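Undergrad: Have a look at this one before I ask anything.
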Amino acid sequence: MTHPLLSVDNLNAYYGKAHILQDVSFNVNELERVAILGRNGMGKSTLLKSILGLEKIRREGDIQFDGQRTTANETFQTANLGIAYVPQGWQLFPSLSVDEHLEMAYTPSSGEFEWTPDSVYELFPEIEARRKVGGTKLSGGEQQMLAIGRALVRNPRLILMDEPSEGISTFVIERVVEVCQQMAERNISLLLVEQNLDLALRAAQKVYILVNGRMVYETTAEDFKADKESQNHYLGV
Amino acid sequence: MLITIVNGLTMASLLFIIAVGLNLSFALLRVANLAHGAFYLFGGYVGLSTMNYTDSWILAILVGGLVTGVLAFLLEFFLLRKVRGDNLRETLVTLSVAFILADLMIVIWGGNPRSIAYPEMLQGPVHLGGIVVPKLSVFIFIFAVVIGVLLWLLLNKTKIGMVIRAGVDDFEMVSALGTNIRFVFTAMFVVAGFLAGIVGVIGGSHLMMSPGDDWRILTYALLIIILGGMGSFGGSVIAALIMGFIYSFGSLYFPEFQLFLMFAPVALVLIFRPKGLFGRGLA
């Protein structure tokens with residue numbers, strides 16, 4: 001492994017004239033689980049959207065996935081390199097049933113482990129019982145499961161996950177943490193952005209802190225867990 | 001009375017095919033294609049010329065549809081893509097194309113009303129359980145049902161259909177799932193143009209064609225979309241039926257109020273159900 005799976009180098013991102021991300025650099029290595037922590041409005045969601053080239057975000061700087069520059073790509077091209085996205089608020093399709101979400105997103109893989117709609121139902125039996133129901137008619141927790149399942153059946157190499165703790169019960173949070181922890185066994189890397197310190201520290205191995213659009217701190221989840229002073233300093237917890 | 005119902009159904013059939021194409025491309029691309037009526041008339045005129053050269057009605061329908069489909073492709077690929085996301089400009093581009101086409105059609109085909117000859121096989125009446133119905137009306141109705149069923153199957157039973165429905169909901173998320181949504185946009189726009197073109201030929205056989213029909217048909221199609229709801233397939237069916245019947249009964253019993261009668265339900269829907277009878281509205 002000569003290069004990281006995802007490398008973001010001096011990324012600047014703008015919404016219109018607002019300069020949201022400022023010289024952000026970080027890496028996600030193969031099979032690594034990385035969390036980016038930060039309070040609300042620090043640019044966490046913008047960071048994930050910039051990686052995929054979503055919305056009208058203007059980007060400067062370099063983003064490489066598996067050694068390929070992606071900044072000139074269209075969103076679908078970047079996604080097809082092997083990046084799946086679990087957005088904040090899930091962004092499920094009201095017109096599609098649970099089944100159809102998985103069927104539409106399903107991308108067969110020749111890899112050792114293949115996620116199929118059936119294996120997602122095995123992982124989340126709760127949504128199997130609601131296969132024919134419209135995606136947005138599910139409960140918050142079920143929608144989170146479906147959004148994660150939709151990302152898994154893409155059989156990606158990297159999953160971008162935006163605030164999975166939002167709008168779901170502690171029980172579902174536990175399920176999400178479990179799934180995140182098992183991702184490496186399935187050859188998937190994870191980039192998570194979160195405000196929920198507990199979830200992030202258990203789901204990830206490496207931690208970055210984003211404050212006002214700048215990466216201000218980098219550490220391991222283990223060290224950060226013990227470092228109450230930094231937690232308080234950067235996140236005010 | 002019965003023949004008025006038949007006329008209403010025939011008009012509804014034509015309007016349905018025009019409106020459902022416009023509705024789906026509107027919902028997906030978020031652009032109200034104001035050149036859609038011009039596409040209808042253009043398809044009709046192309047069909048007329050094809051008929052004059054080849055004397056084949058089937059060929060006239062196909063060529064009218066295909067040429068209009070190509071025109072839709074040019075509009076989407078070379079003009080709309082340049083202004084994607086800027087609603088005002090997108091709409092103005094389609095409006096400009098509508099005006100240019102309208103004048104171009106007068107230059108090429110003149111201003112006199114024309115109509116397309118159709119095969120003898122479809123001329124004359126047919127007896128259906130005691131009612132005498134023009135054969136062409138039966139053909140138009142069956143044609144609309146076939147197109148409707150095919151579109152419904154495409155939308156609800158295929159992966160492409162899932163992508164289209166999902167794209168109507170949230171096209172950015174669809175592209176984040178690795179689908180080239182721009183290609184889907186173009187394809188949908190071309191299909192809508194193709195449908196408008198073939199209905200232009202069939203409508204030009206059933207009705208007359210003359211300058212101004214483009215705006216009239218566009219208005220009806222937009223009324224159907226507002227009434228039925230943006231992006232709603234079922235809404236397009238119901239609204240086309242309502243408009244078809246108002247059109248036929250209105251022109252028979254209250255010709256001076258026909259337009260009022262067509263706009264009235266739309267005004268009511270806008271007041272009491274702004275998303276349309278079956279619409280979900282924009283996310």
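Ordered as shown in the structure tokens, chains take letters A, B, and onward, while each chain numbers its residues from 1 and ligands are numbered from 1 in the order shown.
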Sorted by chain and rising residue number, list the residues of chain A at most 12 Å from chain B (counting only C-alpha atoms), each with its closest atom pair and distance in Å to one decimal, as JSON lines.

TA:
{"residue": "A:Leu48", "atom": "CA", "partner": "B:Ala176", "partner_atom": "CA", "distance": 11.3}
{"residue": "A:Lys49", "atom": "CA", "partner": "B:Ala176", "partner_atom": "CA", "distance": 9.6}
{"residue": "A:Ser50", "atom": "CA", "partner": "B:Ala176", "partner_atom": "CA", "distance": 11.7}
{"residue": "A:Ile51", "atom": "CA", "partner": "B:Ala176", "partner_atom": "CA", "distance": 10.7}
{"residue": "A:Leu52", "atom": "CA", "partner": "B:Ala176", "partner_atom": "CA", "distance": 7.1}
{"residue": "A:Gly53", "atom": "CA", "partner": "B:Ala176", "partner_atom": "CA", "distance": 8.9}
{"residue": "A:Leu54", "atom": "CA", "partner": "B:Glu172", "partner_atom": "CA", "distance": 6.8}
{"residue": "A:Glu55", "atom": "CA", "partner": "B:Glu172", "partner_atom": "CA", "distance": 7.4}
{"residue": "A:Lys56", "atom": "CA", "partner": "B:Gly85", "partner_atom": "CA", "distance": 9.6}
{"residue": "A:Asn73", "atom": "CA", "partner": "B:Asn180", "partner_atom": "CA", "distance": 11.5}
{"residue": "A:Glu74", "atom": "CA", "partner": "B:Asn180", "partner_atom": "CA", "distance": 8.5}
{"residue": "A:Thr75", "atom": "CA", "partner": "B:Ser175", "partner_atom": "CA", "distance": 5.9}
{"residue": "A:Phe76", "atom": "CA", "partner": "B:Gly178", "partner_atom": "CA", "distance": 4.1}
{"residue": "A:Gln77", "atom": "CA", "partner": "B:Gly178", "partner_atom": "CA", "distance": 6.5}
{"residue": "A:Thr78", "atom": "CA", "partner": "B:Gly178", "partner_atom": "CA", "distance": 7.7}
{"residue": "A:Ala79", "atom": "CA", "partner": "B:Gly178", "partner_atom": "CA", "distance": 5.0}
{"residue": "A:Asn80", "atom": "CA", "partner": "B:Gly178", "partner_atom": "CA", "distance": 5.2}
{"residue": "A:Leu81", "atom": "CA", "partner": "B:Gly178", "partner_atom": "CA", "distance": 8.8}
{"residue": "A:Gly82", "atom": "CA", "partner": "B:Gly178", "partner_atom": "CA", "distance": 9.0}
{"residue": "A:Ile83", "atom": "CA", "partner": "B:Ala176", "partner_atom": "CA", "distance": 8.5}
{"residue": "A:Ala84", "atom": "CA", "partner": "B:Leu177", "partner_atom": "CA", "distance": 6.8}
{"residue": "A:Tyr85", "atom": "CA", "partner": "B:Ala176", "partner_atom": "CA", "distance": 6.8}
{"residue": "A:Val86", "atom": "CA", "partner": "B:Ala176", "partner_atom": "CA", "distance": 9.6}
{"residue": "A:Pro87", "atom": "CA", "partner": "B:Met173", "partner_atom": "CA", "distance": 8.7}
{"residue": "A:Gln88", "atom": "CA", "partner": "B:Met173", "partner_atom": "CA", "distance": 11.6}
{"residue": "A:Gly89", "atom": "CA", "partner": "B:Met173", "partner_atom": "CA", "distance": 11.9}
{"residue": "A:Trp90", "atom": "CA", "partner": "B:Met173", "partner_atom": "CA", "distance": 9.7}
{"residue": "A:Gln91", "atom": "CA", "partner": "B:Met173", "partner_atom": "CA", "distance": 7.0}
{"residue": "A:Leu92", "atom": "CA", "partner": "B:Met173", "partner_atom": "CA", "distance": 8.3}
{"residue": "A:Phe93", "atom": "CA", "partner": "B:Ala166", "partner_atom": "CA", "distance": 5.6}
{"residue": "A:Pro94", "atom": "CA", "partner": "B:Asp169", "partner_atom": "CA", "distance": 6.7}
{"residue": "A:Ser95", "atom": "CA", "partner": "B:Arg165", "partner_atom": "CA", "distance": 6.1}
{"residue": "A:Leu96", "atom": "CA", "partner": "B:Ala166", "partner_atom": "CA", "distance": 6.7}
{"residue": "A:Ser97", "atom": "CA", "partner": "B:Met162", "partner_atom": "CA", "distance": 9.7}
{"residue": "A:Val98", "atom": "CA", "partner": "B:Met162", "partner_atom": "CA", "distance": 11.7}
{"residue": "A:Asp99", "atom": "CA", "partner": "B:Met162", "partner_atom": "CA", "distance": 10.8}
{"residue": "A:Glu100", "atom": "CA", "partner": "B:Met162", "partner_atom": "CA", "distance": 7.0}
{"residue": "A:His101", "atom": "CA", "partner": "B:Met162", "partner_atom": "CA", "distance": 8.3}
{"residue": "A:Leu102", "atom": "CA", "partner": "B:Met162", "partner_atom": "CA", "distance": 10.7}
{"residue": "A:Glu103", "atom": "CA", "partner": "B:Lys159", "partner_atom": "CA", "distance": 7.8}
{"residue": "A:Met104", "atom": "CA", "partner": "B:Lys159", "partner_atom": "CA", "distance": 6.2}
{"residue": "A:Ala105", "atom": "CA", "partner": "B:Leu177", "partner_atom": "CA", "distance": 6.3}
{"residue": "A:Tyr106", "atom": "CA", "partner": "B:Leu177", "partner_atom": "CA", "distance": 9.2}
{"residue": "A:Thr107", "atom": "CA", "partner": "B:Gly178", "partner_atom": "CA", "distance": 9.4}
{"residue": "A:Gly134", "atom": "CA", "partner": "B:Ala166", "partner_atom": "CA", "distance": 11.6}
{"residue": "A:Gly135", "atom": "CA", "partner": "B:Ala166", "partner_atom": "CA", "distance": 10.8}
{"residue": "A:Thr136", "atom": "CA", "partner": "B:Asp169", "partner_atom": "CA", "distance": 11.1}
{"residue": "A:Ala147", "atom": "CA", "partner": "B:Met173", "partner_atom": "CA", "distance": 11.1}
{"residue": "A:Arg150", "atom": "CA", "partner": "B:Leu177", "partner_atom": "CA", "distance": 8.7}
{"residue": "A:Ala151", "atom": "CA", "partner": "B:Leu177", "partner_atom": "CA", "distance": 8.0}
{"residue": "A:Leu152", "atom": "CA", "partner": "B:Leu177", "partner_atom": "CA", "distance": 10.9}
{"residue": "A:Val153", "atom": "CA", "partner": "B:Leu177", "partner_atom": "CA", "distance": 10.2}
{"residue": "A:Arg154", "atom": "CA", "partner": "B:Leu177", "partner_atom": "CA", "distance": 7.6}
{"residue": "A:Asn155", "atom": "CA", "partner": "B:Leu177", "partner_atom": "CA", "distance": 11.0}
{"residue": "A:Pro156", "atom": "CA", "partner": "B:Leu177", "partner_atom": "CA", "distance": 10.3}
{"residue": "A:Ile159", "atom": "CA", "partner": "B:Ala176", "partner_atom": "CA", "distance": 11.5}
{"residue": "A:Leu160", "atom": "CA", "partner": "B:Ala176", "partner_atom": "CA", "distance": 10.8}

Undergrad: Just list the residues in segment 96-258 of chain B DSSP gives strand (DSSP E) on the backbone, as a list in words.

TA: Pro125, Val126, His127, Leu128, Ile131, Val132, Val133 and Pro134 of chain B

Undergrad: For the residues selected in the previous step, produce a file with C-alpha atoms as an mmCIF file, in the first residue's frame.

TA:
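To be explicit, this is the file written out as selection_27.cif:
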data_model
loop_
_atom_site.group_PDB
_atom_site.id
_atom_site.type_symbol
_atom_site.label_atom_id
_atom_site.label_comp_id
_atom_site.auth_asym_id
_atom_site.auth_seq_id
_atom_site.Cartn_x
_atom_site.Cartn_y
_atom_site.Cartn_z
ATOM 1 C CA PRO B 125 -67.480 4.418 -38.136
ATOM 2 C CA VAL B 126 -67.511 1.211 -36.218
ATOM 3 C CA HIS B 127 -70.487 -0.177 -34.278
ATOM 4 C CA LEU B 128 -69.666 -0.907 -30.669
ATOM 5 C CA ILE B 131 -73.005 3.030 -30.453
ATOM 6 C CA VAL B 132 -71.510 4.351 -33.634
ATOM 7 C CA VAL B 133 -67.918 5.417 -33.041
ATOM 8 C CA PRO B 134 -65.317 6.735 -35.501
#

Undergrad: Taking into account only C-alpha atoms, which residue in the set B:Leu150, B:Val31, B:Leu252, B:Val63 is nearest to Glu90 of chain B?

TA: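 Ranking B:Leu150, B:Val31, B:Leu252, B:Val63 by distance to Glu90 of chain B, first place goes to B:Val31.
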
Undergrad: Mind checking which residues fall within 12 Å of Gln231 of chain A, counting only C-alpha atoms, ignoring those fewer than 4 positions away in the same chain, and posting them as a ChimeraX atom specification?

TA: /A:37-39,195-198,201,207-209,217,219,221,223-227,235-237

Undergrad: Need to verify the contact set: Tyr14 of chain A, 6 Å, only C-alpha atoms, exclusion of same-chain residues closer than 3 positions in sequence. Can you return it as a PDB file with N, CA and C atoms, in the first residue's frame?

TA:
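This went into selection35.pdb:
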ATOM      1  N   ALA A  18     -19.375  32.023   0.797  1.00  0.00           N
ATOM      2  CA  ALA A  18     -18.971  31.540   2.120  1.00  0.00           C
ATOM      3  C   ALA A  18     -17.848  30.519   1.994  1.00  0.00           C
ATOM      4  N   HIS A  19     -16.756  30.783   2.661  1.00  0.00           N
ATOM      5  CA  HIS A  19     -15.587  29.920   2.612  1.00  0.00           C
ATOM      6  C   HIS A  19     -15.718  28.896   3.742  1.00  0.00           C
ATOM      7  N   ILE A  20     -16.252  27.709   3.423  1.00  0.00           N
ATOM      8  CA  ILE A  20     -16.626  26.761   4.480  1.00  0.00           C
ATOM      9  C   ILE A  20     -15.430  25.941   4.962  1.00  0.00           C
ATOM     10  N   ILE A  57     -21.177  23.166  -4.421  1.00  0.00           N
ATOM     11  CA  ILE A  57     -20.008  23.524  -3.632  1.00  0.00           C
ATOM     12  C   ILE A  57     -18.837  23.711  -4.589  1.00  0.00           C
ATOM     13  N   ARG A  58     -18.177  24.855  -4.488  1.00  0.00           N
ATOM     14  CA  ARG A  58     -16.986  25.077  -5.317  1.00  0.00           C
ATOM     15  C   ARG A  58     -15.783  24.551  -4.557  1.00  0.00           C
TER      16      ARG A  58
END

Undergrad: Determine the nearest neighbour of Ser189 of chain A from the options A:Arg175, A:Lys44, A:Arg214, A:Lys206, counting only C-alpha atoms.

TA: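 Of A:Arg175, A:Lys44, A:Arg214, A:Lys206, the one nearest Ser189 of chain A is A:Lys206, counting only C-alpha atoms.
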
Undergrad: With distances taken over only C-alpha atoms, which residue among A:Lys17, A:Arg69, A:Arg33, A:His3 lies nearest Gln181 of chain A?

TA: A:Arg33

Undergrad: For atom CA of Gly65 of chain B and atom CA of Ser205 of chain B, quote the distance in Å rounded to one decimal.

TA: 14.3 Å

Undergrad: Quick one: pick out all alpha helix (DSSP H) residues within segment 76-165 of chain B from a backbone DSSP run and write them as a short mmCIF file (atom, residue, chain, number, x, y, z; two decimals) with C-alpha atoms, in the first residue's frame.

TA:
data_model
loop_
_atom_site.label_atom_id
_atom_site.label_comp_id
_atom_site.auth_asym_id
_atom_site.auth_seq_id
_atom_site.Cartn_x
_atom_site.Cartn_y
_atom_site.Cartn_z
CA ASN B 87 -34.79 27.96 -13.39
CA LEU B 88 -35.49 31.30 -14.98
CA ARG B 89 -32.94 30.81 -17.74
CA GLU B 90 -34.01 27.22 -18.32
CA THR B 91 -37.60 28.28 -18.78
CA LEU B 92 -36.66 31.22 -20.99
CA VAL B 93 -34.56 28.96 -23.20
CA THR B 94 -37.52 26.64 -23.77
CA LEU B 95 -39.78 29.64 -24.38
CA SER B 96 -37.37 31.07 -26.97
CA VAL B 97 -37.19 27.74 -28.75
CA ALA B 98 -41.00 27.62 -28.77
CA PHE B 99 -41.19 31.04 -30.47
CA ILE B 100 -38.47 30.18 -32.98
CA LEU B 101 -40.17 26.89 -33.85
CA ALA B 102 -43.56 28.58 -34.18
CA ASP B 103 -42.21 31.03 -36.77
CA LEU B 104 -40.18 28.37 -38.52
CA MET B 105 -43.28 26.23 -38.92
CA ILE B 106 -45.20 29.08 -40.51
CA VAL B 107 -42.30 29.64 -42.92
CA ILE B 108 -42.15 25.97 -43.89
CA TRP B 109 -45.76 24.84 -43.77
CA LYS B 135 -62.68 4.07 -36.04
CA LEU B 136 -59.93 6.64 -35.59
CA SER B 137 -61.23 7.44 -32.10
CA VAL B 138 -61.07 3.77 -31.16
CA PHE B 139 -57.53 3.61 -32.50
CA ILE B 140 -56.46 6.71 -30.56
CA PHE B 141 -57.96 5.36 -27.34
CA ILE B 142 -56.27 1.96 -27.70
CA PHE B 143 -53.02 3.66 -28.64
CA ALA B 144 -53.12 5.83 -25.50
CA VAL B 145 -53.89 2.81 -23.33
CA VAL B 146 -50.96 0.89 -24.83
CA ILE B 147 -48.58 3.82 -24.34
CA GLY B 148 -49.92 4.32 -20.82
CA VAL B 149 -49.47 0.66 -19.87
CA LEU B 150 -45.96 0.56 -21.35
CA LEU B 151 -44.96 3.71 -19.48
CA TRP B 152 -46.48 2.39 -16.26
CA LEU B 153 -44.57 -0.88 -16.57
CA LEU B 154 -41.37 0.99 -17.36
CA LEU B 155 -41.80 3.24 -14.34
CA ASN B 156 -42.88 0.62 -11.84
CA LYS B 157 -41.33 -2.66 -12.91
CA LYS B 159 -34.63 -0.54 -12.74
CA ILE B 160 -34.74 2.44 -15.11
CA GLY B 161 -38.17 3.25 -13.71
CA MET B 162 -36.79 3.15 -10.16
CA VAL B 163 -34.04 5.54 -11.19
CA ILE B 164 -36.57 7.91 -12.75
CA ARG B 165 -38.85 7.86 -9.70
#

Undergrad: Which residues are close to Ile58 of chain B, i.e. within 10 Å by only C-alpha atoms, leaving aside same-chain residues fewer than 2 positions away? Reply as a list in words.

TA: Gly47, Thr50, Met51, Asp55, Ser56, Ala60, Ile61, Leu62, Val63, Gly64, Tyr118, Pro119, Ile198, Val201 and Ile202 of chain B

Undergrad: Determine, counting only C-alpha atoms, which protein, DNA and RNA residues have an atom within 12 Å of an atom of Gly234 of chain B; residues of the same chain fewer than 3 positions away are not included. Present the result as a ChimeraX atom specification.

TA: /B:16,19-20,23-24,148-149,151-152,155,224-225,227-231,237-241,276-279

Undergrad: Write the residues of the selection above to a file with N, CA and C atoms, as a JSON list (two decimals), in the first residue's frame.

TA:
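again11.json written:
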[["chain", "number", "residue", "atom", "x", "y", "z"],
["B", 16, "PHE", "N", -53.46, 12.99, -22.72],
["B", 16, "PHE", "CA", -52.71, 12.19, -21.75],
["B", 16, "PHE", "C", -51.28, 11.94, -22.22],
["B", 19, "ALA", "N", -49.30, 15.13, -22.09],
["B", 19, "ALA", "CA", -49.07, 15.65, -20.74],
["B", 19, "ALA", "C", -48.18, 14.73, -19.92],
["B", 20, "VAL", "N", -48.32, 13.42, -20.10],
["B", 20, "VAL", "CA", -47.55, 12.52, -19.23],
["B", 20, "VAL", "C", -46.06, 12.66, -19.54],
["B", 23, "ASN", "N", -45.01, 15.93, -18.10],
["B", 23, "ASN", "CA", -45.04, 15.86, -16.64],
["B", 23, "ASN", "C", -43.80, 15.13, -16.10],
["B", 24, "LEU", "N", -43.47, 13.99, -16.71],
["B", 24, "LEU", "CA", -42.33, 13.24, -16.21],
["B", 24, "LEU", "C", -41.02, 14.01, -16.42],
["B", 148, "GLY", "N", -49.79, 4.16, -22.27],
["B", 148, "GLY", "CA", -49.92, 4.32, -20.82],
["B", 148, "GLY", "C", -49.44, 3.08, -20.07],
["B", 149, "VAL", "N", -49.87, 1.90, -20.54],
["B", 149, "VAL", "CA", -49.47, 0.66, -19.87],
["B", 149, "VAL", "C", -47.96, 0.47, -19.98],
["B", 151, "LEU", "N", -45.64, 2.75, -20.35],
["B", 151, "LEU", "CA", -44.96, 3.71, -19.48],
["B", 151, "LEU", "C", -45.08, 3.29, -18.02],
["B", 152, "TRP", "N", -46.27, 2.81, -17.65],
["B", 152, "TRP", "CA", -46.48, 2.39, -16.26],
["B", 152, "TRP", "C", -45.54, 1.24, -15.90],
["B", 155, "LEU", "N", -42.02, 2.48, -15.57],
["B", 155, "LEU", "CA", -41.80, 3.24, -14.34],
["B", 155, "LEU", "C", -41.79, 2.36, -13.10],
["B", 224, "ILE", "N", -53.18, 20.12, -17.15],
["B", 224, "ILE", "CA", -53.27, 18.72, -16.69],
["B", 224, "ILE", "C", -52.23, 18.45, -15.61],
["B", 225, "ILE", "N", -51.03, 19.00, -15.80],
["B", 225, "ILE", "CA", -49.97, 18.76, -14.80],
["B", 225, "ILE", "C", -50.35, 19.41, -13.47],
["B", 227, "LEU", "N", -53.34, 20.15, -12.43],
["B", 227, "LEU", "CA", -54.51, 19.47, -11.87],
["B", 227, "LEU", "C", -54.11, 18.11, -11.29],
["B", 228, "GLY", "N", -53.35, 17.34, -12.04],
["B", 228, "GLY", "CA", -53.03, 15.97, -11.63],
["B", 228, "GLY", "C", -51.91, 15.91, -10.61],
["B", 229, "GLY", "N", -51.01, 16.86, -10.65],
["B", 229, "GLY", "CA", -49.89, 16.86, -9.72],
["B", 229, "GLY", "C", -48.60, 16.55, -10.45],
["B", 230, "MET", "N", -47.57, 17.33, -10.12],
["B", 230, "MET", "CA", -46.30, 17.18, -10.80],
["B", 230, "MET", "C", -45.71, 15.80, -10.54],
["B", 231, "GLY", "N", -45.29, 15.14, -11.61],
["B", 231, "GLY", "CA", -44.61, 13.85, -11.46],
["B", 231, "GLY", "C", -45.55, 12.68, -11.22],
["B", 237, "VAL", "N", -53.36, 10.74, -15.78],
["B", 237, "VAL", "CA", -54.48, 10.01, -16.38],
["B", 237, "VAL", "C", -55.80, 10.68, -16.01],
["B", 238, "ILE", "N", -56.01, 10.86, -14.70],
["B", 238, "ILE", "CA", -57.27, 11.43, -14.22],
["B", 238, "ILE", "C", -57.47, 12.84, -14.77],
["B", 239, "ALA", "N", -56.42, 13.65, -14.70],
["B", 239, "ALA", "CA", -56.55, 15.05, -15.13],
["B", 239, "ALA", "C", -56.80, 15.13, -16.63],
["B", 240, "ALA", "N", -56.17, 14.22, -17.41],
["B", 240, "ALA", "CA", -56.41, 14.23, -18.86],
["B", 240, "ALA", "C", -57.86, 13.87, -19.15],
["B", 241, "LEU", "N", -58.41, 12.91, -18.38],
["B", 241, "LEU", "CA", -59.82, 12.55, -18.56],
["B", 241, "LEU", "C", -60.72, 13.74, -18.24],
["B", 276, "GLY", "N", -51.67, 19.62, -6.47],
["B", 276, "GLY", "CA", -52.41, 18.84, -7.46],
["B", 276, "GLY", "C", -53.13, 17.68, -6.80],
["B", 277, "LEU", "N", -54.04, 17.06, -7.55],
["B", 277, "LEU", "CA", -54.86, 16.00, -6.96],
["B", 277, "LEU", "C", -54.01, 14.87, -6.41],
["B", 278, "PHE", "N", -52.96, 14.49, -7.15],
["B", 278, "PHE", "CA", -52.15, 13.34, -6.73],
["B", 278, "PHE", "C", -50.68, 13.70, -6.56],
["B", 279, "GLY", "N", -50.39, 14.98, -6.46],
["B", 279, "GLY", "CA", -48.99, 15.39, -6.44],
["B", 279, "GLY", "C", -48.40, 15.30, -5.04]]

Undergrad: Select, from B:Ala117, B:Leu259, B:Leu29, B:Leu122, the residue with the minimum atom-to-atom distance to Thr219 of chain B, counting only C-alpha atoms.

TA: B:Leu259

Undergrad: When you draw a straight line from atom CA of Leu146 of chain A to atom CA of Phe124 of chain A, how long is it in Å?

TA: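 That distance, rounded to one decimal, is 8.3 Å.
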
Undergrad: Here is a test: counting only C-alpha atoms, which residue of B:Val199, B:Ala12, B:Val6, B:Ala35 is nearest to Leu218 of chain B?

TA: B:Ala35

Undergrad: Of the residues A:Asn12, A:Gln144, A:Asn212, A:Thr46, which is the one nearest to Ile173 of chain A, using only C-alpha atoms?

TA: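 Closest to Ile173 of chain A of all the choices is A:Gln144.
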
Undergrad: For atom CA of Ile148 of chain A and atom CA of Glu194 of chain A, determine how far apart the two atoms are, in Å to one decimal place.

TA: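 Going from atom CA of Ile148 of chain A over to atom CA of Glu194 of chain A covers 15.3 Å.
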
Undergrad: Which neighbours of segment 183-187 of chain A fall inside 7 Å, counting only C-alpha atoms, when residues of the same chain fewer than 2 positions from it are skipped, and could you give them as a compact mmCIF listing (two decimals) with C-alpha atoms, in the first residue's frame?

TA:
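Once written, part.txt looks like this:
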# COMPACT_ATOMS: atom_id res chain seq x y z
CA LEU A 31 -9.59 -0.62 5.97
CA PHE A 113 -17.66 -10.53 0.46
CA ARG A 157 -14.49 0.36 -0.69
CA VAL A 179 -21.91 -2.35 11.87
CA CYS A 180 -19.13 0.24 11.70
CA GLN A 181 -16.81 -1.91 13.77
CA SER A 189 -13.19 1.63 5.05
